[in-house]
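A.B. asks: For reference, this is entry.tsv, and it has TSV, N, CA and C atoms.
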```tsv
chain	number	residue	atom	x	y	z
J	14	MET	N	248.59	42.30	143.94
J	14	MET	CA	248.49	41.27	144.96
J	14	MET	C	247.08	40.66	144.95
J	15	LEU	N	247.01	39.38	145.03
J	15	LEU	CA	245.73	38.70	145.04
J	15	LEU	C	245.11	38.74	146.43
J	16	GLU	N	243.79	38.82	146.45
J	16	GLU	CA	243.10	38.81	147.73
J	16	GLU	C	243.08	37.39	148.26
J	17	ALA	N	243.58	37.19	149.47
J	17	ALA	CA	243.71	35.85	150.04
J	17	ALA	C	242.34	35.21	150.31
J	18	ASN	N	241.32	36.01	150.56
J	18	ASN	CA	240.04	35.44	150.95
J	18	ASN	C	239.14	35.05	149.77
J	19	ARG	N	239.61	35.16	148.55
J	19	ARG	CA	238.79	34.81	147.40
J	19	ARG	C	238.89	33.34	147.03
J	20	GLY	N	239.91	32.66	147.45
J	20	GLY	CA	240.08	31.26	147.13
J	20	GLY	C	241.07	31.04	146.01
J	21	LYS	N	241.10	29.80	145.54
J	21	LYS	CA	242.08	29.43	144.53
J	21	LYS	C	241.51	28.35	143.62
J	22	LEU	N	241.96	28.34	142.37
J	22	LEU	CA	241.60	27.31	141.42
J	22	LEU	C	242.76	26.33	141.31
J	23	LEU	N	242.45	25.05	141.47
J	23	LEU	CA	243.46	23.99	141.40
J	23	LEU	C	243.21	23.14	140.16
J	24	VAL	N	244.26	22.90	139.38
J	24	VAL	CA	244.17	22.05	138.20
J	24	VAL	C	244.98	20.79	138.48
J	25	TYR	N	244.32	19.65	138.50
J	25	TYR	CA	244.98	18.36	138.72
J	25	TYR	C	245.09	17.67	137.36
J	26	ALA	N	246.34	17.37	136.95
J	26	ALA	CA	246.54	16.75	135.65
J	26	ALA	C	247.70	15.77	135.70
J	27	SER	N	247.61	14.75	134.87
J	27	SER	CA	248.68	13.77	134.74
J	27	SER	C	249.87	14.44	134.07
J	28	ASN	N	251.06	13.97	134.38
J	28	ASN	CA	252.24	14.54	133.75
J	28	ASN	C	252.64	13.80	132.48
J	29	LEU	N	251.74	12.99	131.93
J	29	LEU	CA	252.00	12.27	130.69
J	29	LEU	C	251.87	13.20	129.49
J	30	ALA	N	252.67	12.95	128.48
J	30	ALA	CA	252.66	13.78	127.28
J	30	ALA	C	251.33	13.70	126.54
J	31	SER	N	250.60	12.59	126.67
J	31	SER	CA	249.36	12.39	125.92
J	31	SER	C	248.25	13.37	126.30
J	32	CYS	N	248.33	13.98	127.47
J	32	CYS	CA	247.26	14.91	127.87
J	32	CYS	C	247.71	16.37	127.82
J	33	ARG	N	248.86	16.64	127.26
J	33	ARG	CA	249.38	18.01	127.25
J	33	ARG	C	248.53	18.98	126.45
J	34	SER	N	247.96	18.53	125.32
J	34	SER	CA	247.14	19.45	124.52
J	34	SER	C	245.86	19.82	125.27
J	35	ARG	N	245.25	18.85	125.95
J	35	ARG	CA	244.07	19.15	126.77
J	35	ARG	C	244.45	20.07	127.92
J	36	LEU	N	245.59	19.79	128.54
J	36	LEU	CA	246.04	20.62	129.66
J	36	LEU	C	246.27	22.05	129.21
J	37	LYS	N	246.76	22.22	128.00
J	37	LYS	CA	247.03	23.57	127.50
J	37	LYS	C	245.74	24.39	127.44
J	38	SER	N	244.67	23.82	126.87
J	38	SER	CA	243.43	24.59	126.77
J	38	SER	C	242.76	24.77	128.12
J	39	VAL	N	242.79	23.74	128.96
J	39	VAL	CA	242.18	23.85	130.29
J	39	VAL	C	242.94	24.85	131.15
J	40	SER	N	244.26	24.77	131.15
J	40	SER	CA	245.03	25.70	131.99
J	40	SER	C	244.91	27.13	131.48
J	41	ALA	N	244.78	27.33	130.17
J	41	ALA	CA	244.56	28.68	129.63
J	41	ALA	C	243.23	29.24	130.13
J	42	ALA	N	242.20	28.40	130.14
J	42	ALA	CA	240.89	28.83	130.63
J	42	ALA	C	240.92	29.13	132.12
J	43	VAL	N	241.60	28.28	132.88
J	43	VAL	CA	241.69	28.49	134.33
J	43	VAL	C	242.49	29.75	134.62
J	44	GLU	N	243.56	29.96	133.86
J	44	GLU	CA	244.37	31.17	134.04
J	44	GLU	C	243.55	32.43	133.77
J	45	LYS	N	242.78	32.41	132.68
J	45	LYS	CA	241.93	33.55	132.33
J	45	LYS	C	240.89	33.80	133.42
J	46	THR	N	240.26	32.73	133.89
J	46	THR	CA	239.25	32.85	134.93
J	46	THR	C	239.87	33.39	136.22
J	47	ALA	N	241.00	32.85	136.61
J	47	ALA	CA	241.68	33.29	137.84
J	47	ALA	C	242.08	34.76	137.74
J	48	ARG	N	242.59	35.15	136.60
J	48	ARG	CA	243.02	36.54	136.42
J	48	ARG	C	241.83	37.49	136.49
J	49	LYS	N	240.74	37.16	135.79
J	49	LYS	CA	239.56	38.03	135.78
J	49	LYS	C	238.90	38.15	137.15
J	50	LEU	N	238.90	37.06	137.90
J	50	LEU	CA	238.23	37.05	139.21
J	50	LEU	C	239.20	37.28	140.37
J	51	LYS	N	240.46	37.55	140.03
J	51	LYS	CA	241.51	37.81	141.04
J	51	LYS	C	241.64	36.66	142.03
J	52	LEU	N	241.69	35.44	141.47
J	52	LEU	CA	241.88	34.23	142.27
J	52	LEU	C	243.30	33.72	142.05
J	53	ASP	N	243.78	32.95	142.97
J	53	ASP	CA	245.06	32.29	142.81
J	53	ASP	C	244.84	31.03	141.99
J	54	MET	N	245.91	30.51	141.40
J	54	MET	CA	245.81	29.30	140.58
J	54	MET	C	247.02	28.42	140.84
J	55	GLU	N	246.80	27.11	140.82
J	55	GLU	CA	247.89	26.16	141.03
J	55	GLU	C	247.66	24.93	140.15
J	56	ILE	N	248.72	24.46	139.50
J	56	ILE	CA	248.65	23.22	138.73
J	56	ILE	C	249.34	22.14	139.54
J	57	VAL	N	248.62	21.05	139.79
J	57	VAL	CA	249.12	19.93	140.58
J	57	VAL	C	249.34	18.76	139.64
J	58	SER	N	250.56	18.26	139.60
J	58	SER	CA	250.89	17.15	138.72
J	58	SER	C	250.58	15.83	139.41
J	59	LEU	N	249.83	14.98	138.70
J	59	LEU	CA	249.49	13.67	139.23
J	59	LEU	C	250.45	12.63	138.66
J	60	LYS	N	250.89	11.75	139.49
J	60	LYS	CA	251.78	10.68	139.06
J	60	LYS	C	250.96	9.48	138.64
J	61	GLY	N	251.54	8.67	137.81
J	61	GLY	CA	250.85	7.44	137.41
J	61	GLY	C	250.32	7.54	136.01
J	62	GLY	N	249.32	6.74	135.74
J	62	GLY	CA	248.75	6.62	134.41
J	62	GLY	C	247.96	7.83	133.99
J	63	GLU	N	247.42	7.72	132.79
J	63	GLU	CA	246.63	8.82	132.25
J	63	GLU	C	245.35	8.98	133.05
J	64	ALA	N	245.04	10.20	133.39
J	64	ALA	CA	243.86	10.51	134.18
J	64	ALA	C	243.18	11.74	133.59
J	65	PRO	N	241.91	11.92	133.86
J	65	PRO	CA	241.24	13.14	133.41
J	65	PRO	C	241.88	14.37	134.07
J	66	ILE	N	241.66	15.51	133.49
J	66	ILE	CA	242.11	16.78	134.07
J	66	ILE	C	240.95	17.33	134.89
J	67	TYR	N	241.21	17.61	136.14
J	67	TYR	CA	240.18	18.12	137.05
J	67	TYR	C	240.51	19.55	137.45
J	68	VAL	N	239.47	20.37	137.59
J	68	VAL	CA	239.63	21.72	138.11
J	68	VAL	C	238.77	21.81	139.36
J	69	TYR	N	239.38	22.26	140.44
J	69	TYR	CA	238.71	22.40	141.74
J	69	TYR	C	238.78	23.84	142.20
J	70	TYR	N	237.82	24.22	143.03
J	70	TYR	CA	237.86	25.51	143.73
J	70	TYR	C	238.12	25.23	145.20
J	71	LYS	N	239.08	25.94	145.77
J	71	LYS	CA	239.40	25.77	147.20
J	71	LYS	C	239.32	27.13	147.88
J	72	ASP	N	238.59	27.16	148.97
J	72	ASP	CA	238.40	28.39	149.75
J	72	ASP	C	238.91	28.16	151.16
J	73	GLY	N	240.08	28.67	151.45
J	73	GLY	CA	240.64	28.54	152.79
J	73	GLY	C	240.89	27.11	153.21
J	74	ALA	N	240.40	26.75	154.40
J	74	ALA	CA	240.62	25.41	154.94
J	74	ALA	C	239.57	24.41	154.48
J	75	GLU	N	238.59	24.85	153.71
J	75	GLU	CA	237.54	23.95	153.23
J	75	GLU	C	238.12	22.94	152.24
J	76	GLU	N	237.43	21.82	152.11
J	76	GLU	CA	237.82	20.81	151.11
J	76	GLU	C	237.60	21.40	149.71
J	77	PRO	N	238.49	21.09	148.77
J	77	PRO	CA	238.27	21.57	147.40
J	77	PRO	C	237.00	20.96	146.82
J	78	VAL	N	236.31	21.74	146.00
J	78	VAL	CA	235.08	21.28	145.36
J	78	VAL	C	235.32	21.22	143.85
J	79	PRO	N	234.92	20.12	143.19
J	79	PRO	CA	235.16	20.00	141.75
J	79	PRO	C	234.30	20.96	140.94
J	80	LEU	N	234.93	21.56	139.92
J	80	LEU	CA	234.23	22.47	139.03
J	80	LEU	C	234.14	21.93	137.61
J	81	TYR	N	235.18	21.19	137.19
J	81	TYR	CA	235.26	20.79	135.79
J	81	TYR	C	236.11	19.52	135.67
J	82	CYS	N	235.77	18.68	134.69
J	82	CYS	CA	236.54	17.48	134.40
J	82	CYS	C	236.68	17.36	132.89
J	83	SER	N	237.90	17.23	132.42
J	83	SER	CA	238.16	17.05	130.99
J	83	SER	C	238.69	15.65	130.79
J	84	ARG	N	237.93	14.82	130.12
J	84	ARG	CA	238.35	13.44	129.88
J	84	ARG	C	239.14	13.37	128.58
J	85	GLU	N	238.74	12.57	127.65
J	85	GLU	CA	239.48	12.40	126.41
J	85	GLU	C	239.13	13.46	125.37
J	86	ASP	N	237.91	13.96	125.41
J	86	ASP	CA	237.52	14.96	124.43
J	86	ASP	C	238.19	16.29	124.72
J	87	GLU	N	238.48	17.03	123.67
J	87	GLU	CA	239.13	18.32	123.83
J	87	GLU	C	238.09	19.42	123.74
J	88	HIS	N	238.20	20.37	124.61
J	88	HIS	CA	237.34	21.54	124.59
J	88	HIS	C	238.23	22.76	124.42
J	89	ASP	N	237.70	23.77	123.72
J	89	ASP	CA	238.49	24.98	123.62
J	89	ASP	C	238.39	25.76	124.92
J	90	ALA	N	239.27	26.71	125.08
J	90	ALA	CA	239.37	27.46	126.33
J	90	ALA	C	238.07	28.19	126.66
J	91	GLU	N	237.35	28.68	125.65
J	91	GLU	CA	236.12	29.41	125.91
J	91	GLU	C	235.03	28.50	126.50
J	92	GLN	N	234.95	27.27	126.02
J	92	GLN	CA	233.97	26.32	126.57
J	92	GLN	C	234.30	26.00	128.03
J	93	VAL	N	235.58	25.86	128.31
J	93	VAL	CA	236.01	25.57	129.69
J	93	VAL	C	235.71	26.76	130.58
J	94	CYS	N	235.99	27.98	130.11
J	94	CYS	CA	235.68	29.20	130.88
J	94	CYS	C	234.19	29.27	131.21
J	95	LYS	N	233.37	28.97	130.22
J	95	LYS	CA	231.92	29.02	130.43
J	95	LYS	C	231.48	28.00	131.48
J	96	ALA	N	232.04	26.79	131.42
J	96	ALA	CA	231.70	25.76	132.41
J	96	ALA	C	232.17	26.17	133.80
J	97	LEU	N	233.37	26.72	133.91
J	97	LEU	CA	233.89	27.17	135.21
J	97	LEU	C	233.01	28.28	135.78
J	98	ARG	N	232.68	29.24	134.93
J	98	ARG	CA	231.84	30.35	135.38
J	98	ARG	C	230.49	29.86	135.87
J	99	SER	N	229.88	28.93	135.15
J	99	SER	CA	228.58	28.40	135.55
J	99	SER	C	228.64	27.72	136.91
J	100	MET	N	229.63	26.88	137.10
J	100	MET	CA	229.76	26.16	138.37
J	100	MET	C	230.06	27.12	139.53
J	101	MET	N	230.93	28.10	139.28
J	101	MET	CA	231.26	29.05	140.34
J	101	MET	C	230.06	29.92	140.70
J	102	PHE	N	229.24	30.25	139.71
J	102	PHE	CA	228.04	31.02	139.98
J	102	PHE	C	227.09	30.23	140.87
J	103	VAL	N	226.89	28.96	140.57
J	103	VAL	CA	226.02	28.10	141.39
J	103	VAL	C	226.58	27.99	142.81
J	104	LEU	N	227.89	27.77	142.92
J	104	LEU	CA	228.51	27.65	144.25
J	104	LEU	C	228.40	28.94	145.06
J	105	SER	N	228.29	30.07	144.38
J	105	SER	CA	228.23	31.35	145.10
J	105	SER	C	226.96	31.47	145.94
J	106	PHE	N	225.98	30.60	145.72
J	106	PHE	CA	224.75	30.62	146.51
J	106	PHE	C	224.85	29.70	147.73
J	107	HIS	N	225.89	28.89	147.79
J	107	HIS	CA	226.06	27.97	148.92
J	107	HIS	C	226.70	28.74	150.08
J	108	PRO	N	226.16	28.63	151.28
J	108	PRO	CA	226.70	29.39	152.42
J	108	PRO	C	228.15	29.04	152.76
J	109	LYS	N	228.60	27.88	152.37
J	109	LYS	CA	229.96	27.46	152.67
J	109	LYS	C	231.00	28.25	151.87
J	110	TYR	N	230.60	28.82	150.74
J	110	TYR	CA	231.54	29.52	149.85
J	110	TYR	C	231.25	31.01	149.81
J	111	SER	N	231.40	31.65	150.95
J	111	SER	CA	231.08	33.08	151.07
J	111	SER	C	232.00	33.95	150.22
J	112	ALA	N	233.22	33.48	149.95
J	112	ALA	CA	234.14	34.26	149.10
J	112	ALA	C	233.56	34.40	147.69
J	113	LEU	N	232.91	33.35	147.20
J	113	LEU	CA	232.29	33.43	145.87
J	113	LEU	C	231.05	34.31	145.89
J	114	LYS	N	230.35	34.31	147.01
J	114	LYS	CA	229.18	35.18	147.12
J	114	LYS	C	229.59	36.64	146.97
J	115	LYS	N	230.74	37.00	147.54
J	115	LYS	CA	231.23	38.37	147.47
J	115	LYS	C	231.57	38.79	146.05
J	116	ILE	N	231.93	37.85	145.19
J	116	ILE	CA	232.32	38.19	143.82
J	116	ILE	C	231.29	37.70	142.79
J	117	ARG	N	230.09	37.41	143.24
J	117	ARG	CA	229.06	36.88	142.34
J	117	ARG	C	228.82	37.79	141.14
J	118	LYS	N	228.77	39.09	141.35
J	118	LYS	CA	228.55	40.02	140.23
J	118	LYS	C	229.68	39.95	139.22
J	119	GLU	N	230.90	39.81	139.71
J	119	GLU	CA	232.05	39.67	138.81
J	119	GLU	C	231.97	38.37	138.03
J	120	ILE	N	231.52	37.30	138.66
J	120	ILE	CA	231.36	36.02	137.98
J	120	ILE	C	230.33	36.15	136.87
J	121	MET	N	229.24	36.85	137.13
J	121	MET	CA	228.19	37.03	136.14
J	121	MET	C	228.68	37.87	134.96
J	122	ARG	N	229.49	38.89	135.22
J	122	ARG	CA	229.99	39.76	134.15
J	122	ARG	C	231.07	39.10	133.34
J	123	PHE	N	231.82	38.21	133.95
J	123	PHE	CA	232.94	37.55	133.29
J	123	PHE	C	232.45	36.68	132.13
J	124	SER	N	233.07	36.86	130.99
J	124	SER	CA	232.70	36.03	129.84
J	124	SER	C	233.92	35.67	129.01
```
Using the file provided, produce a representation of the structure as structure tokens.

C.D. replies:
Amino acid sequence: MLEANRGKLLVYASNLASCRSRLKSVSAAVEKTARKLKLDMEIVSLKGGEAPIYVYYKDGAEEPVPLYCSREDEHDAEQVCKALRSMMFVLSFHPKYSALKKIRKEIMRFS
């Protein structure tokens, strides 16, 4: 069972076929990050034209905060994991994200 107070990672992506390969690597990285840090994960499908893939962190009732954006260039899952970890580590020092502060050591160990 996931701890409810740790937050969740949200992946916003277009449902167009043209971004599926990017979504595959980004969602694999988000899944790995969520599993290692015991966070929940959700993929939100965006309607309309092609859009970048965004990854947000949401903690309870707070507004989601952006962690990563994948435009047209493709990144492998390890690069995405590293970017997510870096952003989450920085956010762990913000008083608004106390759930990340509690898992800061896990974020640092995660690679």

A.B. asks: Please identify all polymer residues within 6.5 Å of Tyr70 of chain J, counting all atoms listed in the file, omitting same-chain residues fewer than 2 positions from it, and present them as number ranges by chain.

C.D. replies: J: 21-23, 68, 72, 76-80

A.B. asks: How close does segment 61-90 of chain J get to segment 27-46 of chain J? List, as CSV, each residue of segment 61-90 of chain J within 6.5 Å, its nearest atom pair and the distance in Å to one decimal, counting only N, CA and C atoms.

C.D. replies:
```
residue,atom,partner,partner_atom,distance
J:Gly61,N,J:Asn28,N,6.3
J:Gly62,C,J:Ser27,CA,6.0
J:Glu63,CA,J:Ser27,CA,5.9
J:Ala64,N,J:Ser27,CA,5.3
J:Pro65,C,J:Ser27,N,5.8
J:Ile66,CA,J:Ser27,N,5.9
J:Glu87,CA,J:Arg35,CA,5.8
J:His88,C,J:Ser38,CA,6.0
J:Asp89,C,J:Ser38,CA,5.5
J:Ala90,CA,J:Ser38,C,4.7
```

A.B. asks: Could you give me, as a JSON list (two decimals) with N, CA and C atoms, in the coordinates of the input, the residues within 7 Å of Phe102 of chain J, counting only N, CA and C atoms and dropping anything in the same chain fewer than 4 positions from it?

C.D. replies:
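Okay, this is what ended up in result.json:
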```
[["chain", "number", "residue", "atom", "x", "y", "z"],
["J", 97, "LEU", "N", 233.37, 26.72, 133.91],
["J", 97, "LEU", "CA", 233.89, 27.17, 135.21],
["J", 97, "LEU", "C", 233.01, 28.28, 135.78],
["J", 98, "ARG", "N", 232.68, 29.24, 134.93],
["J", 98, "ARG", "CA", 231.84, 30.35, 135.38],
["J", 98, "ARG", "C", 230.49, 29.86, 135.87],
["J", 106, "PHE", "N", 225.98, 30.60, 145.72],
["J", 106, "PHE", "CA", 224.75, 30.62, 146.51],
["J", 106, "PHE", "C", 224.85, 29.70, 147.73],
["J", 117, "ARG", "N", 230.09, 37.41, 143.24],
["J", 117, "ARG", "CA", 229.06, 36.88, 142.34],
["J", 117, "ARG", "C", 228.82, 37.79, 141.14],
["J", 120, "ILE", "N", 231.52, 37.30, 138.66],
["J", 120, "ILE", "CA", 231.36, 36.02, 137.98],
["J", 120, "ILE", "C", 230.33, 36.15, 136.87],
["J", 121, "MET", "N", 229.24, 36.85, 137.13],
["J", 121, "MET", "CA", 228.19, 37.03, 136.14],
["J", 121, "MET", "C", 228.68, 37.87, 134.96]]
```

A.B. asks: Between atom CA of Ser58 of chain J and atom N of Val24 of chain J, what is the distance, to one decimal in Å?

C.D. replies: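 Separating atom CA of Ser58 of chain J from atom N of Val24 of chain J is a distance of 8.8 Å.
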
A.B. asks: Enumerate, as a ChimeraX atom specification, the complete set of residues in chain J that a backbone-based DSSP assignment places in strand (DSSP E or B).

C.D. replies: /J:21-27,53-59,66-71,78-83

A.B. asks: What is the distance between atom C of Ala96 of chain J and atom C of Leu52 of chain J, in Å to one decimal?

C.D. replies: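 Taking atom C of Ala96 of chain J as the start and atom C of Leu52 of chain J as the end point, the length is 15.8 Å.
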
A.B. asks: Just want the 8 Å neighbourhood of Ile116 of chain J, counted on only N, CA and C atoms, with same-chain residues fewer than 6 positions away dropped. Output as a ChimeraX atom specification.

C.D. replies: /J:19,50,102,105,122

A.B. asks: I need the residue nearest Lys109 of chain J from this list: J:Leu59, J:Glu75, J:Ser83, J:Asp53. Use all atoms listed in the file for the distance.

C.D. replies: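 Nearest candidate to Lys109 of chain J out of J:Leu59, J:Glu75, J:Ser83, J:Asp53: J:Glu75.
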
A.B. asks: Within segment 32-116 of chain J, find each residue whose DSSP state, derived from the backbone, is alpha helix (DSSP H), and express the selection as a PyMOL selection string.

C.D. replies: chain J and resi 33-50+90-104+111-115

A.B. asks: Please indicate the distance in Å from atom N of Val57 of chain J to atom C of Ser99 of chain J, rounded to one decimal place.

C.D. replies: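 Atom-to-atom, atom N of Val57 of chain J and atom C of Ser99 of chain J are spaced 21.3 Å apart.
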
A.B. asks: Given all atoms listed in the file as the basis, pick out the residue of J:Ala26, J:Leu113, J:Cys94, J:Leu104 nearest to Lys60 of chain J.

C.D. replies: J:Ala26

A.B. asks: From the options J:Ala112, J:Lys49, J:Glu55, J:Tyr81, which residue's atoms come nearest to Met100 of chain J, counting all atoms listed in the file?

C.D. replies: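 Of all the options, J:Tyr81 lies closest to Met100 of chain J.
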